[in-house]
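This report refers to the structure that appears directly beneath it.
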Amino acid sequence: MSKPTNHYQDLRCPCCKSGLEFSEQAIQCNSCGQNYSWLNDIPDLRVLRRDYYCDHIPRKAMGELCKNLSLENWAQSIRHFVSLTEDNPDWIDNLVTDGRYAWKLLLTMPGDAKILDIGCGLGNVSRNLAPHGSTVWATDLTTERLIFSQKRFSIFNQNDDIALCASGDGTYLPFPDEHFDCAVLSDIQGWTGQERFIAPHKKNYLSQLLDIWFLSSEKSHAHSIQEAFLKEIARVLKPDGQLFVAIENRLNINHLKVDSDQNGTLSLKCIVSRFLASWHAITDKRSSHQDRTYSMSVYRKLLRLSGLSEIQFFGLFDGCDSLNKVTPLVPNKRRWKKTSSNRIVERIRYNRYFVPAYGIVASKKAFKQSFLDRILNDIESKLGCKINFDSFTVTGKDKVILLAEMNKKLVVIKLPLNKASGAGEVNNSQTLECLHVGFPGVSHWFPKVLTQGAIQNQPYYVETRQEGQPFIQYKDTFSVQNILAAVQPYFEWVHTSSVDTSFDDDIYFSLVNRPLGVLAPLIDDDVLCGQLAEYFDQYLRAKILSCGPMHGDFSLNNVFLAEGKLSGIIDWEHSNVRGLPVLDLLNVVESALRCRNTHLSLLETIPAMAEDSGQVSEVKPGYIASVLEWLEVDHSMVKPLSYLYWLNHTACQVPYHLQYNSKQNQRVVQPIAKLIAANYKSSVTL
């Protein structure tokens, strides 16, 4: 197969920075005579680490996984990868979570940006950046990671321009001067503090200690190595280019406790010397302490020494992994409203010196407008007023939520970060428009869509913010009965707006067949899936049920309360204007049960609701049936509707993380599927 050449003019010899000559068999530098090779149609320009392997699963297993990867078995392959890490959920975040890279909005990143992803790993960073720029170069030192990324991009980034290169060791970046608009080190900078890799399990204690002593010398000191590495990155950045670094904070308060990771089980990480930390790691895991993280002042010093004098720090919570909030750590950041807390613990947690991790934007020149600024400018031009916001949160459904203020009016700005969350926001805005037009008498319960649009393939949606607070914040002071009483006015209204309909045809397909199809790959048992289909067909098909507006995720997070009364219902992304409102009623009951009994999961609440025998606290036998009487639902329908609620609720989680989480699948999907099938088999026997 011929090698593609559309981006090879970007590459340079990593040793002398001269041009390269490419042929089918080899890559050669005509200036210094260095020869390089091809690696699965990827240029291999590694200098020091030509057989480097860094991953958390065995190399042979990683090779087999790469070989078999395809669109059809993508989710299955991710589940297999995670199983090889002892089902560590952090790897789900690393592999497939798009919210993890919401920091991309902090970068300037113009529409024609050339982006360098150093240490691209399994490709999730490049996959998230590529739609917003012109070209991404994804580099890594591990062969198998590059091949995995190559296949991943061919599946999910067919319309994006991503090139791969085996490179990135030390000061040997194979690119010309001032070439990139942006370079990214996502949780990589801490691992660049040594010129040679100390391989685990391959050296005895004495030889590893000699390696550690070598790394303490002035020439090989971590600071010197990292400074040289950052200078090399600065070399390939344009004069107004930016480097983004996502990295742990050495003074992270979490490091005061025992922490088990690839560096061993160690407490007081933030104050233990590097030599002692490496010695502990060797005795604990036969591997030296290899990451090099610092405090804010040291990061600032390193970046300035490398020639990147303009620096902005952001706090990443709860770390580079599991990102759920971003805060600026510089005073008077444009558009960000300053927030404070009266709680001492919160003030320490959000203190710039103790945040879990840093998002650092660095440049040679003064910063231009960020990607987020351009989005907000577009919103301001449409609505005619300035925007300030006081929080930047990232949800579990891969959305950025900005709680903002415009002309003293509170608004919510939503930025979906992938196709699933984008489709949800489209449905949300369409449903809200229908509710405001069709039901003006209760429109105060629903957010109003103000505008929507997209900048550089990043969609945005703006809607009004509901008064009050989410019901979840009152869960400790309200009983299940109090919660149900607060939402009763909504269900009384929705019942009057609904029509008795035969549960068949389109509505049956939407609420039974479609979610069953979504869950089938997780259940992975044709007989069991058939029994589920037969159960719902037997107990629900053609039944007369009240059909009307259905929210689809009526949890306590999405129901707002003000002055003790219902004030709003938000996030209609799973809504159906022609659904079964009774599923929303069961949703709020189940959500209240779990909030009031935090040890419970769906595995306990669904059977308890189906049997309606008072198996959980605060709920007496027959309580579910009495609640469903609000919508004139017969008590005989409690069990099949409870199972139907589970089916739809669970199917909504699949496009996000559930499809990759085998442990969660084993806890909430397969056991309840088997329980429903058992009910079907017992009914057939009778």
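Identifiers in the structure tokens: chain A, B, ... in order shown; residue index from 1 per chain; ligand index from 1 in order shown.
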12 Å contact set for Leu432 (chain A), only C-alpha atoms, chain neighbours under 2 positions out, as a short mmCIF file (atom, residue, chain, number, x, y, z; two decimals) with C-alpha atoms, in the first residue's frame:
data_model
loop_
_atom_site.label_atom_id
_atom_site.label_comp_id
_atom_site.auth_asym_id
_atom_site.auth_seq_id
_atom_site.Cartn_x
_atom_site.Cartn_y
_atom_site.Cartn_z
CA GLU A 425 -29.60 19.36 23.21
CA VAL A 426 -31.36 19.44 19.84
CA ASN A 427 -34.21 17.42 21.35
CA ASN A 428 -34.20 19.61 24.46
CA SER A 429 -34.59 22.84 22.50
CA GLN A 430 -37.30 21.41 20.23
CA CYS A 434 -43.30 22.94 21.82
CA LEU A 435 -44.06 23.31 25.53
CA HIS A 436 -43.94 27.11 25.44
CA VAL A 437 -46.15 27.29 22.35
CA GLY A 438 -48.59 24.56 23.34
CA PHE A 439 -48.92 25.16 27.09
CA PRO A 440 -48.43 28.87 27.88
CA VAL A 442 -47.49 26.48 32.74
CA SER A 443 -44.56 27.76 30.67
CA HIS A 444 -42.94 29.22 33.83
CA TRP A 445 -41.93 25.66 34.73
CA PHE A 446 -39.83 25.32 31.59
CA PRO A 447 -36.66 27.11 30.47
CA LYS A 448 -37.07 29.30 27.41
CA VAL A 449 -34.66 28.89 24.50
CA LEU A 450 -33.02 32.26 23.76
CA VAL A 462 -28.69 29.40 25.50
CA GLU A 463 -31.80 29.24 27.67
CA THR A 464 -33.22 30.99 30.71
CA PRO A 549 -45.40 15.01 27.35
CA MET A 550 -42.67 12.84 28.88
CA HIS A 551 -39.45 14.32 30.27
CA ILE A 569 -38.01 21.31 35.24
CA ILE A 570 -34.82 21.39 33.18
CA ASP A 571 -32.82 19.19 30.76
CA TRP A 572 -35.39 17.72 28.39
CA GLU A 573 -32.84 15.98 26.16
CA HIS A 574 -34.49 12.56 26.56
CA SER A 575 -38.02 13.92 26.20
CA ASN A 576 -40.83 12.65 24.04
CA VAL A 577 -43.86 14.86 23.39
#
Check which residues of region 334-381 of chain A sit at most 12 Å from region 294-300 of chain A using only C-alpha atoms, and return one row each with the closest pair of atoms and their distance in Å to one decimal, ordered by chain and rising number, as a Markdown table.
| residue | atom | partner | partner_atom | distance |
| --- | --- | --- | --- | --- |
| A:Asn351 | CA | A:Met296 | CA | 11.4 |
| A:Arg352 | CA | A:Met296 | CA | 8.0 |
| A:Tyr353 | CA | A:Met296 | CA | 6.6 |
| A:Phe354 | CA | A:Ser295 | CA | 8.7 |
| A:Val355 | CA | A:Met296 | CA | 9.9 |
| A:Pro356 | CA | A:Ser295 | CA | 10.8 |
| A:Ala357 | CA | A:Ser295 | CA | 9.7 |
| A:Tyr358 | CA | A:Met296 | CA | 8.1 |
| A:Gly359 | CA | A:Met296 | CA | 10.6 |
| A:Ile360 | CA | A:Tyr299 | CA | 8.8 |
| A:Val361 | CA | A:Arg300 | CA | 10.5 |
| A:Ala362 | CA | A:Arg300 | CA | 9.2 |
| A:Ser363 | CA | A:Arg300 | CA | 11.7 |
Inset, instruction - If you run DSSP over the backbone, which residues in region 13-141 of chain A end up alpha helix (DSSP H)? Put them as a PyMOL selection string. - result: chain A and resi 59-68+74-83+90-96+124-129
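Taking CA of Arg594 (chain A) and CA of Gly99 (chain A) as endpoints, the distance between them is 25.4 Å.
The interatomic distance for the pair CA of Val480 (chain A) and CA of Ala592 (chain A) works out to 5.7 Å.
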Inset, instruction - Tell me, as a PyMOL selection string, which residues lie within 12 Å of Ala183 (chain A), counting only C-alpha atoms; anything in the same chain fewer than 6 positions away does not count. - result: chain A and resi 104+107-109+113-120+125-126+129+135-139+173+189+230+232-238+240-246+360-363
Residues within 9 Å of Lys17 (chain A), only C-alpha atoms, excluding chain neighbours under 6 positions, as a tab-separated table (two decimals) with N, CA, C and O atoms, in the first residue's frame:
chain	number	residue	atom	x	y	z
A	11	LEU	N	7.28	17.48	8.12
A	11	LEU	CA	8.23	16.76	8.95
A	11	LEU	C	9.68	17.17	8.66
A	11	LEU	O	10.03	17.53	7.54
A	172	TYR	N	13.73	16.05	20.48
A	172	TYR	CA	13.79	15.57	19.10
A	172	TYR	C	12.41	15.63	18.43
A	172	TYR	O	11.93	14.63	17.89
A	173	LEU	N	11.78	16.77	18.47
A	173	LEU	CA	10.50	16.91	17.77
A	173	LEU	C	10.76	17.11	16.28
A	173	LEU	O	11.50	18.03	15.90
A	174	PRO	N	10.16	16.31	15.42
A	174	PRO	CA	10.49	16.34	13.98
A	174	PRO	C	9.66	17.35	13.19
A	174	PRO	O	9.03	17.01	12.19
A	175	PHE	N	9.70	18.61	13.64
A	175	PHE	CA	8.90	19.63	12.98
A	175	PHE	C	9.72	20.91	12.83
A	175	PHE	O	10.64	21.16	13.62
A	176	PRO	N	9.36	21.75	11.86
A	176	PRO	CA	10.12	23.00	11.65
A	176	PRO	C	9.81	24.04	12.72
A	176	PRO	O	8.85	23.92	13.50
A	177	ASP	N	10.61	25.08	12.76
A	177	ASP	CA	10.41	26.19	13.69
A	177	ASP	C	9.07	26.88	13.41
A	177	ASP	O	8.63	26.97	12.26
Legend entry - Within 12 Å of region 581-583 of chain A using only C-alpha atoms, minus same-chain residues under 5 positions, as a count of residues only: 52
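Minimum atom-to-atom distance to Asn557 (chain A), evaluated using only C-alpha atoms, belongs to A:Lys475 out of A:Arg100, A:Arg343, A:Lys364, A:Lys475.
Every protein or nucleic acid residue with an atom no more than 10 Å from Glu21 (chain A), counting only C-alpha atoms and leaving out same-chain residues fewer than 4 positions away, appears here: Tyr8, Gln9, Leu11, Arg12, Cys13, Ala26, Ile27, Gln28, Cys29, Asn30 and Asn35 of chain A.
Distances to Pro416 (chain A) were evaluated for A:Thr395, A:Asn388, A:Thr171, A:Gln615 using only C-alpha atoms, and the minimum falls at A:Thr395.
We find CA of Glu563 (chain A) and CA of Thr339 (chain A) to be spaced 23.8 Å apart.
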Legend entry - Proximity to Leu106 (chain A) - best of A:Pro489, A:Gly424, A:Pro671, A:Gly315, only C-alpha atoms: A:Gly315
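Counting only C-alpha atoms, the residue from A:Asp93, A:Asp584, A:Glu611, A:Asp44 that sits nearest to Leu141 (chain A) is A:Asp44.
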